[in-house]
$ cat entry-v8.csv   # CSV, C-alpha atoms and all ligand atoms
chain,number,residue,atom,x,y,z
F,1,MET,CA,108.7,174.2,120.7
F,2,ASP,CA,111.6,171.7,121.0
F,3,LYS,CA,113.5,170.8,117.9
F,4,ILE,CA,114.2,167.1,117.3
F,5,ALA,CA,116.3,165.7,114.4
F,6,VAL,CA,115.2,162.4,112.8
F,7,LEU,CA,118.0,161.0,110.6
F,8,GLY,CA,116.6,158.8,107.8
F,9,ALA,CA,113.5,159.8,105.9
F,10,GLY,CA,112.2,156.3,104.9
F,11,SER,CA,108.9,154.9,106.1
F,12,TRP,CA,109.9,154.5,109.8
F,13,GLY,CA,111.7,157.8,110.1
F,14,THR,CA,108.7,159.5,108.6
F,15,ALA,CA,106.2,157.8,110.9
F,16,LEU,CA,108.3,158.5,114.0
F,17,SER,CA,108.5,162.2,112.9
F,18,ILE,CA,104.7,162.2,112.9
F,19,VAL,CA,104.6,161.0,116.5
F,20,LEU,CA,107.1,163.6,117.5
F,21,ALA,CA,105.3,166.3,115.6
F,22,ASP,CA,102.0,165.3,117.2
F,23,ASN,CA,103.7,165.8,120.6
F,24,GLY,CA,104.4,169.4,119.7
F,25,ASN,CA,108.0,169.3,118.5
F,26,LYS,CA,109.5,170.9,115.4
F,27,VAL,CA,110.9,167.9,113.6
F,28,HIS,CA,114.0,168.2,111.4
F,29,LEU,CA,113.6,165.2,109.1
F,30,TRP,CA,117.0,164.6,107.4
F,31,THR,CA,117.3,162.8,104.0
F,32,HIS,CA,120.4,162.3,101.9
F,33,LYS,CA,118.3,163.4,98.9
F,34,GLN,CA,117.5,167.0,98.2
F,35,ALA,CA,114.5,166.4,96.1
F,36,GLN,CA,112.9,164.5,99.0
F,37,ALA,CA,113.5,167.3,101.4
F,38,GLU,CA,111.8,169.7,98.9
F,39,GLU,CA,108.8,167.4,98.6
F,40,ILE,CA,108.5,167.3,102.4
F,41,ASN,CA,108.6,171.1,102.6
F,42,GLU,CA,106.6,172.1,99.6
F,43,LEU,CA,104.0,169.3,99.4
F,44,HIS,CA,104.1,168.0,103.0
F,45,ARG,CA,104.3,164.5,101.5
F,46,ASN,CA,106.9,161.7,101.4
F,47,GLU,CA,105.1,159.8,98.7
F,48,ARG,CA,107.6,157.0,98.0
F,49,TYR,CA,107.6,155.9,101.6
F,50,LEU,CA,104.2,156.7,103.2
F,51,ASP,CA,100.8,157.6,101.8
F,52,VAL,CA,99.8,160.3,104.3
F,53,ASP,CA,99.9,164.1,104.6
F,54,LEU,CA,102.6,165.3,107.0
F,55,PRO,CA,102.1,167.8,109.7
F,56,GLU,CA,103.6,171.2,108.9
F,57,ASN,CA,105.9,171.1,111.9
F,58,ILE,CA,107.9,168.4,110.1
F,59,VAL,CA,110.6,170.2,108.1
F,60,GLY,CA,112.8,168.4,105.5
F,61,PHE,CA,116.6,168.9,105.5
F,62,SER,CA,119.2,167.5,103.1
F,63,ASP,CA,122.0,169.4,105.0
F,64,LEU,CA,123.1,167.3,108.0
F,65,PRO,CA,124.8,170.1,110.0
F,66,LYS,CA,121.7,172.3,109.6
F,67,ALA,CA,119.4,169.4,110.5
F,68,ILE,CA,121.0,168.9,113.9
F,69,THR,CA,121.6,172.6,114.8
F,70,ASN,CA,120.0,173.4,118.3
F,71,VAL,CA,118.1,170.1,118.5
F,72,LYS,CA,117.2,168.5,121.9
F,73,ALA,CA,117.6,164.9,120.7
F,74,ILE,CA,118.6,162.9,117.6
F,75,VAL,CA,116.5,159.9,116.4
F,76,MET,CA,118.6,157.6,114.1
F,77,VAL,CA,116.4,155.6,111.7
F,78,VAL,CA,118.6,154.7,108.7
F,79,PRO,CA,119.0,151.1,107.7
F,80,THR,CA,121.6,149.2,109.8
F,81,LYS,CA,124.0,149.1,106.9
F,82,ALA,CA,124.1,152.9,106.9
F,83,ILE,CA,124.6,153.4,110.6
F,84,ARG,CA,128.4,153.7,110.6
F,85,GLU,CA,128.5,156.0,107.6
F,86,VAL,CA,125.9,158.5,109.1
F,87,SER,CA,127.6,158.3,112.5
F,88,GLN,CA,130.9,159.3,110.9
F,89,GLN,CA,129.3,162.3,109.2
F,90,LEU,CA,127.8,163.2,112.6
F,91,ASN,CA,131.2,163.1,114.4
F,92,SER,CA,132.5,166.3,112.7
F,93,ILE,CA,129.4,168.3,113.6
F,94,LEU,CA,128.2,167.0,117.0
F,95,ASP,CA,129.8,169.1,119.8
F,96,SER,CA,127.7,168.1,122.8
F,97,ARG,CA,126.2,164.9,124.1
F,98,ILE,CA,122.4,165.2,123.4
F,99,PRO,CA,120.2,162.1,123.8
F,100,ILE,CA,120.4,159.7,120.8
F,101,ILE,CA,117.6,157.2,120.2
F,102,HIS,CA,117.9,154.6,117.5
F,103,ALA,CA,115.0,152.7,115.9
F,104,SER,CA,116.9,150.4,113.4
F,105,LYS,CA,116.5,146.7,113.6
F,106,GLY,CA,119.6,144.7,112.5
F,107,ILE,CA,122.9,143.1,113.3
F,108,GLU,CA,126.1,143.7,111.3
F,109,PRO,CA,127.4,140.6,109.6
F,110,GLY,CA,131.1,140.0,110.2
F,111,THR,CA,131.4,142.1,113.4
F,112,LEU,CA,128.1,140.8,114.9
F,113,LYS,CA,127.5,144.2,116.4
F,114,ARG,CA,124.1,145.5,117.3
F,115,VAL,CA,123.2,149.1,116.3
F,116,SER,CA,123.9,150.6,119.8
F,117,GLN,CA,127.3,149.0,119.7
F,118,MET,CA,128.0,150.4,116.3
F,119,LEU,CA,126.9,153.9,117.4
F,120,GLY,CA,129.1,153.6,120.5
F,121,GLU,CA,132.1,152.7,118.4
F,122,GLU,CA,131.6,155.4,115.7
F,123,LEU,CA,130.4,158.4,117.7
F,124,GLU,CA,133.4,160.0,119.5
F,125,LEU,CA,131.3,161.6,122.3
F,126,TYR,CA,129.2,158.5,123.1
F,127,ASN,CA,129.5,155.0,124.5
F,128,ALA,CA,127.1,152.2,123.6
F,129,GLU,CA,125.6,152.7,127.2
F,130,ASP,CA,124.5,156.2,126.3
F,131,ILE,CA,122.3,155.1,123.4
F,132,VAL,CA,118.6,154.3,123.6
F,133,VAL,CA,116.9,151.7,121.4
F,134,LEU,CA,113.2,152.0,120.4
F,135,SER,CA,111.7,148.7,119.2
F,136,GLY,CA,108.4,146.9,119.2
F,137,PRO,CA,105.4,145.9,117.0
F,138,SER,CA,105.0,149.0,114.9
F,139,HIS,CA,104.4,149.1,111.2
F,140,ALA,CA,105.1,152.7,110.0
F,141,GLU,CA,101.8,152.6,107.9
F,142,GLU,CA,99.7,152.2,111.1
F,143,VAL,CA,101.7,154.6,113.3
F,144,ALA,CA,101.2,157.2,110.6
F,145,LEU,CA,97.4,156.7,110.9
F,146,ARG,CA,97.7,157.1,114.7
F,147,HIS,CA,96.4,153.5,115.2
F,148,PRO,CA,97.2,152.3,118.8
F,149,THR,CA,100.8,151.1,118.9
F,150,THR,CA,103.1,150.0,121.8
F,151,VAL,CA,106.9,150.0,121.8
F,152,THR,CA,109.7,149.6,124.3
F,153,VAL,CA,112.6,152.0,124.8
F,154,ALA,CA,115.7,150.5,126.4
F,155,SER,CA,118.9,151.9,127.7
F,156,LEU,CA,121.4,150.6,130.3
F,157,ASN,CA,121.0,154.1,131.8
F,158,LYS,CA,117.3,154.1,133.0
F,159,GLU,CA,117.2,157.9,133.0
F,160,ASN,CA,118.0,158.0,129.2
F,161,ALA,CA,115.2,155.5,128.6
F,162,LYS,CA,112.8,157.8,130.6
F,163,VAL,CA,113.8,160.8,128.4
F,164,ALA,CA,112.9,158.8,125.3
F,165,GLN,CA,109.7,157.6,126.8
F,166,GLU,CA,108.7,161.2,127.6
F,167,LEU,CA,109.6,162.3,124.1
F,168,PHE,CA,107.5,159.8,122.2
F,169,ILE,CA,104.6,158.8,124.4
F,170,ASN,CA,101.1,159.9,123.5
F,171,GLU,CA,97.5,158.6,123.4
F,172,ALA,CA,98.1,156.5,120.2
F,173,PHE,CA,101.8,155.6,120.9
F,174,ARG,CA,102.4,154.0,124.3
F,175,VAL,CA,106.0,153.6,125.3
F,176,TYR,CA,107.4,151.2,127.9
F,177,THR,CA,110.9,151.3,129.4
F,178,SER,CA,113.5,148.6,129.8
F,179,THR,CA,117.2,148.3,130.7
F,180,ASP,CA,117.7,145.1,128.7
F,181,VAL,CA,119.2,146.7,125.6
F,182,LEU,CA,120.7,143.4,124.4
F,183,GLY,CA,117.4,141.6,124.6
F,184,ILE,CA,115.4,144.4,123.0
F,185,GLU,CA,117.9,144.9,120.1
F,186,LEU,CA,118.2,141.1,119.5
F,187,GLY,CA,114.4,140.6,119.5
F,188,GLY,CA,113.8,143.4,117.0
F,189,ALA,CA,116.6,142.2,114.7
F,190,LEU,CA,116.1,138.5,114.8
F,191,LYS,CA,112.3,138.5,114.3
F,192,ASN,CA,113.0,139.7,110.7
F,193,ILE,CA,114.5,136.4,109.9
F,194,ILE,CA,111.5,134.5,111.1
F,195,ALA,CA,109.2,136.9,109.2
F,196,ILE,CA,111.1,136.0,106.0
F,197,GLY,CA,110.4,132.3,106.9
F,198,ALA,CA,106.7,133.0,107.5
F,199,GLY,CA,106.5,134.7,104.1
F,200,ILE,CA,108.2,131.8,102.4
F,201,SER,CA,105.7,129.4,104.1
F,202,ASP,CA,102.7,131.5,103.0
F,203,GLY,CA,104.2,131.8,99.5
F,204,LEU,CA,104.6,128.0,99.3
F,205,GLY,CA,100.8,127.7,100.1
F,206,TYR,CA,101.2,126.3,103.6
F,207,GLY,CA,98.6,127.3,106.2
F,208,ASP,CA,98.3,128.6,109.7
F,209,ASN,CA,99.7,125.6,111.4
F,210,ALA,CA,103.0,125.9,109.5
F,211,LYS,CA,103.2,129.7,110.3
F,212,ALA,CA,102.4,129.1,114.0
F,213,ALA,CA,105.1,126.5,114.1
F,214,LEU,CA,107.7,128.8,112.6
F,215,MET,CA,106.8,131.7,114.9
F,216,THR,CA,106.9,129.5,118.1
F,217,ARG,CA,110.0,127.6,117.2
F,218,GLY,CA,111.5,130.7,115.8
F,219,LEU,CA,111.0,132.5,119.1
F,220,ALA,CA,112.6,129.5,120.8
F,221,GLU,CA,115.8,129.9,118.8
F,222,ILE,CA,115.8,133.7,119.2
F,223,ALA,CA,115.5,133.2,123.0
F,224,ARG,CA,118.1,130.4,122.9
F,225,LEU,CA,120.7,132.7,121.3
F,226,GLY,CA,119.7,135.8,123.2
F,227,THR,CA,119.8,134.1,126.6
F,228,LYS,CA,123.2,132.5,125.8
F,229,LEU,CA,124.5,136.0,124.9
F,230,GLY,CA,123.2,137.4,128.3
F,231,ALA,CA,119.8,138.9,127.5
F,232,ASP,CA,116.9,138.7,129.9
F,233,PRO,CA,114.8,135.8,128.6
F,234,LEU,CA,111.6,137.6,129.7
F,235,SER,CA,112.4,140.3,127.1
F,236,PHE,CA,111.6,137.8,124.3
F,237,LEU,CA,108.1,137.5,125.7
F,238,GLY,CA,107.7,141.3,125.5
F,239,LEU,CA,106.9,143.8,122.8
F,240,SER,CA,110.3,143.5,121.1
F,241,GLY,CA,110.1,139.7,121.2
F,242,VAL,CA,106.8,138.0,120.7
F,243,GLY,CA,105.0,141.3,119.9
F,244,ASP,CA,107.2,142.2,117.0
F,245,LEU,CA,107.3,138.6,115.9
F,246,ILE,CA,103.5,138.5,115.6
F,247,VAL,CA,103.2,141.8,113.8
F,248,THR,CA,106.0,141.0,111.3
F,249,CYS,CA,105.1,137.4,110.5
F,250,THR,CA,101.3,138.1,110.0
F,251,SER,CA,101.2,141.3,108.1
F,252,VAL,CA,101.3,142.3,104.5
F,253,HIS,CA,102.9,145.6,105.7
F,254,SER,CA,106.1,143.7,106.6
F,255,ARG,CA,108.8,144.0,104.0
F,256,ASN,CA,110.5,140.9,105.4
F,257,TRP,CA,107.3,138.9,105.1
F,258,ARG,CA,106.7,140.2,101.6
F,259,ALA,CA,110.2,139.3,100.5
F,260,GLY,CA,109.8,135.8,101.9
F,261,ASN,CA,106.4,135.5,100.2
F,262,LEU,CA,108.0,136.2,96.8
F,263,LEU,CA,110.8,133.8,97.5
F,264,GLY,CA,108.2,131.1,98.4
F,265,LYS,CA,106.5,131.7,95.1
F,266,GLY,CA,109.7,130.9,93.3
F,267,HIS,CA,111.5,134.3,92.7
F,268,ASN,CA,115.2,134.6,93.4
F,269,LEU,CA,116.7,136.9,96.0
F,270,ASP,CA,117.9,139.6,93.5
F,271,GLU,CA,114.5,139.8,91.8
F,272,VAL,CA,112.9,140.1,95.2
F,273,LEU,CA,115.1,142.9,96.5
F,274,GLU,CA,114.7,144.8,93.2
F,275,GLU,CA,110.9,144.5,93.6
F,276,MET,CA,110.9,145.6,97.3
F,277,GLY,CA,112.7,149.0,96.8
F,278,MET,CA,112.8,149.4,100.6
F,279,VAL,CA,115.1,147.9,103.2
F,280,VAL,CA,114.6,144.2,104.0
F,281,GLU,CA,116.8,144.0,107.1
F,282,GLY,CA,116.3,140.2,107.6
F,283,VAL,CA,118.5,139.4,104.6
F,284,ARG,CA,121.7,140.8,106.2
F,285,THR,CA,120.7,139.8,109.7
F,286,VAL,CA,120.3,136.2,108.7
F,287,LYS,CA,124.0,136.2,107.8
F,288,ALA,CA,124.9,137.6,111.2
F,289,ALA,CA,122.6,135.2,113.1
F,290,TYR,CA,124.0,132.2,111.1
F,291,GLN,CA,127.5,133.3,112.1
F,292,PHE,CA,126.4,133.8,115.7
F,293,ALA,CA,124.9,130.3,115.9
F,294,GLU,CA,128.2,128.8,114.7
F,295,GLU,CA,130.4,130.9,117.0
F,296,GLU,CA,128.2,130.4,120.1
F,297,ASN,CA,127.4,126.8,119.3
F,298,VAL,CA,123.7,127.5,119.5
F,299,GLU,CA,121.2,125.4,117.5
F,300,MET,CA,119.2,127.7,115.1
F,301,PRO,CA,117.7,125.3,112.6
F,302,ILE,CA,115.1,127.7,111.1
F,303,THR,CA,117.7,130.5,110.8
F,304,THR,CA,120.0,128.0,109.1
F,305,GLY,CA,117.3,126.9,106.7
F,306,ILE,CA,116.5,130.5,105.7
F,307,TYR,CA,120.2,131.2,105.2
F,308,GLN,CA,120.4,128.2,102.9
F,309,VAL,CA,117.4,129.4,100.8
F,310,LEU,CA,118.8,133.0,100.6
F,311,PHE,CA,122.5,132.2,100.0
F,312,GLU,CA,123.0,128.6,99.1
F,313,HIS,CA,120.2,128.2,96.5
F,314,GLN,CA,118.4,125.6,98.5
F,315,LYS,CA,114.7,125.1,97.5
F,316,PRO,CA,112.3,126.2,100.2
F,317,LYS,CA,110.4,122.9,100.0
F,318,ASP,CA,113.6,120.9,100.6
F,319,VAL,CA,114.4,123.1,103.7
F,320,VAL,CA,110.9,122.5,105.1
F,321,GLU,CA,111.5,118.7,104.7
F,322,GLN,CA,114.8,119.1,106.4
F,323,LEU,CA,113.2,120.9,109.3
F,324,MET,CA,110.4,118.4,109.7
F,325,SER,CA,112.7,115.4,109.7
F,326,ARG,CA,115.1,116.5,112.4
F,327,SER,CA,115.8,114.1,115.2
F,328,LYS,CA,113.1,113.8,117.9
F,329,ARG,CA,113.4,116.0,121.0
F,330,GLU,CA,111.5,117.4,124.0
F,331,GLU,CA,109.9,120.8,123.4
F,332,MET,CA,111.4,122.8,126.2
F,333,ASP,CA,114.7,120.9,126.9
F,334,ASP,CA,117.3,123.5,126.2
F,335,ILE,CA,115.2,126.6,127.0
F,336,ALA,CA,114.4,125.1,130.4
F,337,HIS,CA,118.1,124.4,130.9
F,338,LEU,CA,119.1,128.0,129.9
F,339,LEU,CA,116.5,129.5,132.3
F,340,TYR,CA,117.7,127.2,135.1
F,341,GLU,CA,121.3,128.3,134.6
F,342,ARG,CA,120.4,131.9,134.4
F,343,TYR,CA,118.2,132.1,137.5
F,344,THR,CA,120.3,129.8,139.7
F,345,ASN,CA,123.7,131.4,139.0
E,1,LIG,N1,109.1,150.5,108.3
E,1,LIG,C1,108.7,150.1,109.5
E,1,LIG,O1,107.5,149.9,109.7
E,1,LIG,C2,109.7,149.9,110.5
E,1,LIG,C3,111.1,149.9,110.3
E,1,LIG,N2,112.0,149.7,111.3
E,1,LIG,C4,113.4,149.8,111.0
E,1,LIG,O2,113.8,151.1,110.7
E,1,LIG,C5,115.0,151.1,109.9
E,1,LIG,C6,114.7,152.0,108.6
E,1,LIG,O3,113.6,151.3,108.0
E,1,LIG,P1,112.6,152.0,107.0
E,1,LIG,O4,112.5,153.5,107.3
E,1,LIG,O5,111.4,151.2,107.0
E,1,LIG,O6,113.4,151.8,105.6
E,1,LIG,P2,113.1,152.4,104.2
E,1,LIG,O7,113.6,151.5,103.2
E,1,LIG,O8,111.6,152.8,104.2
E,1,LIG,O9,113.9,153.8,104.2
E,1,LIG,C7,115.3,153.8,104.5
E,1,LIG,C8,115.7,155.3,104.3
E,1,LIG,O10,117.1,155.4,104.7
E,1,LIG,C9,117.7,156.1,103.6
E,1,LIG,N3,119.1,155.7,103.6
E,1,LIG,C10,119.7,154.6,103.1
E,1,LIG,N4,121.0,154.7,103.2
E,1,LIG,C11,121.3,155.9,103.7
E,1,LIG,C12,122.5,156.6,103.9
E,1,LIG,N5,123.7,156.0,103.8
E,1,LIG,N6,122.4,157.9,104.4
E,1,LIG,C13,121.3,158.5,104.6
E,1,LIG,N7,120.1,157.9,104.4
E,1,LIG,C14,120.1,156.6,103.9
E,1,LIG,C15,117.0,155.7,102.4
E,1,LIG,O11,117.2,156.6,101.4
E,1,LIG,P3,117.1,156.2,99.8
E,1,LIG,O12,116.3,154.9,99.7
E,1,LIG,O13,116.5,157.3,99.2
E,1,LIG,O14,118.5,156.0,99.4
E,1,LIG,C16,115.5,155.8,102.9
E,1,LIG,O15,115.1,157.1,102.9
E,1,LIG,C17,115.2,149.6,109.6
E,1,LIG,O16,116.3,149.2,110.4
E,1,LIG,C18,113.9,148.9,109.9
E,1,LIG,O17,114.1,147.6,110.3
E,1,LIG,C19,111.6,149.5,112.6
E,1,LIG,C20,110.2,149.5,112.9
E,1,LIG,C21,109.2,149.7,111.9
E,2,LIG,O1,109.8,146.0,112.3
E,2,LIG,C1,108.7,146.2,111.8
E,2,LIG,C2,107.4,146.3,112.5
E,2,LIG,O2,107.6,146.3,113.9
E,2,LIG,C3,108.7,146.4,110.3
E,2,LIG,O3,109.0,145.2,109.7
E,2,LIG,P1,109.5,145.2,108.2
E,2,LIG,O4,110.9,145.8,108.1
E,2,LIG,O5,109.5,143.7,107.9
E,2,LIG,O6,108.5,145.9,107.4
$ encode --input "entry-v8.csv" --output "structure tokens"
Amino acid sequence: MDKIAVLGAGSWGTALSIVLADNGNKVHLWTHKQAQAEEINELHRNERYLDVDLPENIVGFSDLPKAITNVKAIVMVVPTKAIREVSQQLNSILDSRIPIIHASKGIEPGTLKRVSQMLGEELELYNAEDIVVLSGPSHAEEVALRHPTTVTVASLNKENAKVAQELFINEAFRVYTSTDVLGIELGGALKNIIAIGAGISDGLGYGDNAKAALMTRGLAEIARLGTKLGADPLSFLGLSGVGDLIVTCTSVHSRNWRAGNLLGKGHNLDEVLEEMGMVVEGVRTVKAAYQFAEEENVEMPITTGIYQVLFEHQKPKDVVEQLMSRSKREEMDDIAHLLYERYTN
């Protein structure tokens, strides 16, 4: 039985541990809280994060050196804001280059780094190119119930992506490979912003038309930024693009959608984050995307509107009015231009 370490015992770390345990591995699920490790070992539960019984081959650890001893691979699933801190802790104990797969969806405000870039910067033995990202439409609650789910694993090194595919794939969890790390990471991170927007729209009482508009035009601005940064535009039509956008914008499981929904109903951001009690990645990512849009001179009106609601105390209804009264334009003008530039150069 291979040992795999999963770092981050929230809902997604726990669900991915179940997939790995179902595949016959002994999973070392690391948490920074001792009581949580004890709950996992004594009750085979992680009650605060996921309402399922855990397989007995998932073992809780609160000691990081012990958690990674003799493991074949490390899966990193802490929130984006904790990636650097946990990587720094790993540096002093990692003595060989085992595969590292991350499943976190965010971009760091200020530096505008994606998770694989942060890992490459912090981990002394690794470059960003060594890291694999796992992303796609995958609510932890459904993965834990073994409901059919599909994700993409991407690495610049195709062999690394294949190792990750082999590790996770099973009859309920289908894994595709890609080499477009940039597109896969951007798709997974930026859809959280649009999911907040979809939640706001539903909270305001708008209907399906408004949500479909947000999703479609949201995807257009994700693709616009991603293509400008060098991602493959086709990735945004894939699992980590349109797939994750659908699942996050249309589900009550999504913390980003739920946070947006409360904002749309009139709660302020502090109240909402207090109520959620779990990570809402889109809140930090919207700061990064807003900064990206300015620096890269890319139009991202929906992202800008959500930024204004979250951080500039704009009323959601006023932002909707602002979006609906923008100057007239052709639907595909800039996307067509970007695609033309990409495929003719
Ligand atoms: N939930 C899902 O369905 C999916 C989530 N993701 C992504 O996975 C990532 C993790 O999300 P998720 O598991 O849902 O989040 P949760 O909020 O459910 O859990 C986050 C976990 O990380 C722990 N944590 C926070 N800071 C640190 C730290 N500095 N050191 C160690 N552990 C820490 C938290 O501990 P504590 O709260 O006890 O401090 C908690 O156990 C996010 O980037 C998310 O976007 C991706 C796909 C699906
Ligand atoms: O990324 C997810 C599903 O693919 C989970 O989204 P939330 O973080 O909004 O719950």
$ closest_atom_pairs --input "entry-v8.csv" --of "chain F" --to "ligand LIG 2 (chain E)" --cutoff "9 Å" --atoms "all atoms listed in the file" --output "Markdown table"
| residue | atom | partner | partner_atom | distance |
| --- | --- | --- | --- | --- |
| F:Trp12 | CA | E:LIG2 | C3 | 8.2 |
| F:Ser104 | CA | E:LIG2 | O1 | 8.4 |
| F:Lys105 | CA | E:LIG2 | O1 | 6.9 |
| F:Ser135 | CA | E:LIG2 | O2 | 7.1 |
| F:Gly136 | CA | E:LIG2 | O2 | 5.4 |
| F:Pro137 | CA | E:LIG2 | O2 | 3.8 |
| F:Ser138 | CA | E:LIG2 | O2 | 3.9 |
| F:His139 | CA | E:LIG2 | C2 | 4.3 |
| F:Ala140 | CA | E:LIG2 | C2 | 7.2 |
| F:Val151 | CA | E:LIG2 | O2 | 8.8 |
| F:Gly188 | CA | E:LIG2 | O1 | 6.7 |
| F:Ala189 | CA | E:LIG2 | O1 | 8.2 |
| F:Lys191 | CA | E:LIG2 | O1 | 8.2 |
| F:Asn192 | CA | E:LIG2 | O5 | 6.0 |
| F:Ala195 | CA | E:LIG2 | O5 | 6.9 |
| F:Ile196 | CA | E:LIG2 | O5 | 8.1 |
| F:Ser240 | CA | E:LIG2 | O2 | 8.2 |
| F:Gly243 | CA | E:LIG2 | O2 | 8.2 |
| F:Asp244 | CA | E:LIG2 | O2 | 5.2 |
| F:Leu245 | CA | E:LIG2 | O2 | 8.0 |
| F:Ile246 | CA | E:LIG2 | O2 | 9.0 |
| F:Val247 | CA | E:LIG2 | C2 | 6.3 |
| F:Thr248 | CA | E:LIG2 | O3 | 5.4 |
| F:Cys249 | CA | E:LIG2 | O5 | 8.1 |
| F:Ser251 | CA | E:LIG2 | O5 | 8.6 |
| F:Val252 | CA | E:LIG2 | O6 | 8.6 |
| F:His253 | CA | E:LIG2 | O6 | 5.9 |
| F:Ser254 | CA | E:LIG2 | O6 | 3.4 |
| F:Arg255 | CA | E:LIG2 | O6 | 3.9 |
| F:Asn256 | CA | E:LIG2 | O5 | 3.9 |
| F:Trp257 | CA | E:LIG2 | O5 | 6.0 |
| F:Arg258 | CA | E:LIG2 | O5 | 7.7 |
| F:Ala259 | CA | E:LIG2 | O5 | 8.6 |
| F:Met278 | CA | E:LIG2 | O4 | 8.5 |
| F:Val279 | CA | E:LIG2 | O4 | 6.8 |
| F:Val280 | CA | E:LIG2 | O4 | 5.7 |
| F:Glu281 | CA | E:LIG2 | O4 | 6.2 |
| F:Gly282 | CA | E:LIG2 | O5 | 7.7 |
$ closest_residue --input "entry-v8.csv" --among "F:Val115, F:Ile4, F:Leu310, F:Val71" --to "ligand LIG 1 (chain E)" --atoms "only C-alpha atoms and all ligand atoms"
F:Val115
$ closest_residue --input "entry-v8.csv" --among "F:Leu29, F:Met215, F:Ala293, F:Leu339" --to "ligand LIG 1 (chain E)" --atoms "all atoms listed in the file"
F:Leu29
$ residues_around --input "entry-v8.csv" --residues "Ala67 of chain F" --least-positions-apart "4" --cutoff "9 Å" --atoms "only C-alpha atoms" --output "NGL selection string"
:F and (4-7 or 28-30 or 60-63 or 71)
$ closest_residue --input "entry-v8.csv" --among "F:Thr250, F:Thr285, F:Gln308, F:Ser178" --to "ligand LIG 1 (chain E)" --atoms "only C-alpha atoms and all ligand atoms"
F:Thr285
$ residues_near_point --input "entry-v8.csv" --point "(111.7, 155.3, 103.1)" --cutoff "12 Å" --atoms "all atoms listed in the file" --output "PDB file with C-alpha atoms, keeping the file's coordinate frame"
ATOM      1  CA  LEU F   7     118.000 161.000 110.600  1.00  0.00           C
ATOM      2  CA  GLY F   8     116.600 158.800 107.800  1.00  0.00           C
ATOM      3  CA  ALA F   9     113.500 159.800 105.900  1.00  0.00           C
ATOM      4  CA  GLY F  10     112.200 156.300 104.900  1.00  0.00           C
ATOM      5  CA  SER F  11     108.900 154.900 106.100  1.00  0.00           C
ATOM      6  CA  TRP F  12     109.900 154.500 109.800  1.00  0.00           C
ATOM      7  CA  GLY F  13     111.700 157.800 110.100  1.00  0.00           C
ATOM      8  CA  THR F  14     108.700 159.500 108.600  1.00  0.00           C
ATOM      9  CA  ALA F  15     106.200 157.800 110.900  1.00  0.00           C
ATOM     10  CA  LEU F  16     108.300 158.500 114.000  1.00  0.00           C
ATOM     11  CA  LEU F  29     113.600 165.200 109.100  1.00  0.00           C
ATOM     12  CA  TRP F  30     117.000 164.600 107.400  1.00  0.00           C
ATOM     13  CA  THR F  31     117.300 162.800 104.000  1.00  0.00           C
ATOM     14  CA  HIS F  32     120.400 162.300 101.900  1.00  0.00           C
ATOM     15  CA  LYS F  33     118.300 163.400  98.900  1.00  0.00           C
ATOM     16  CA  GLN F  36     112.900 164.500  99.000  1.00  0.00           C
ATOM     17  CA  ARG F  45     104.300 164.500 101.500  1.00  0.00           C
ATOM     18  CA  ASN F  46     106.900 161.700 101.400  1.00  0.00           C
ATOM     19  CA  GLU F  47     105.100 159.800  98.700  1.00  0.00           C
ATOM     20  CA  ARG F  48     107.600 157.000  98.000  1.00  0.00           C
ATOM     21  CA  TYR F  49     107.600 155.900 101.600  1.00  0.00           C
ATOM     22  CA  LEU F  50     104.200 156.700 103.200  1.00  0.00           C
ATOM     23  CA  ASP F  51     100.800 157.600 101.800  1.00  0.00           C
ATOM     24  CA  VAL F  77     116.400 155.600 111.700  1.00  0.00           C
ATOM     25  CA  VAL F  78     118.600 154.700 108.700  1.00  0.00           C
ATOM     26  CA  PRO F  79     119.000 151.100 107.700  1.00  0.00           C
ATOM     27  CA  ALA F 140     105.100 152.700 110.000  1.00  0.00           C
ATOM     28  CA  GLU F 141     101.800 152.600 107.900  1.00  0.00           C
ATOM     29  CA  ARG F 255     108.800 144.000 104.000  1.00  0.00           C
ATOM     30  CA  MET F 276     110.900 145.600  97.300  1.00  0.00           C
ATOM     31  CA  GLY F 277     112.700 149.000  96.800  1.00  0.00           C
ATOM     32  CA  MET F 278     112.800 149.400 100.600  1.00  0.00           C
ATOM     33  CA  VAL F 279     115.100 147.900 103.200  1.00  0.00           C
ATOM     34  CA  VAL F 280     114.600 144.200 104.000  1.00  0.00           C
TER      35      VAL F 280
END
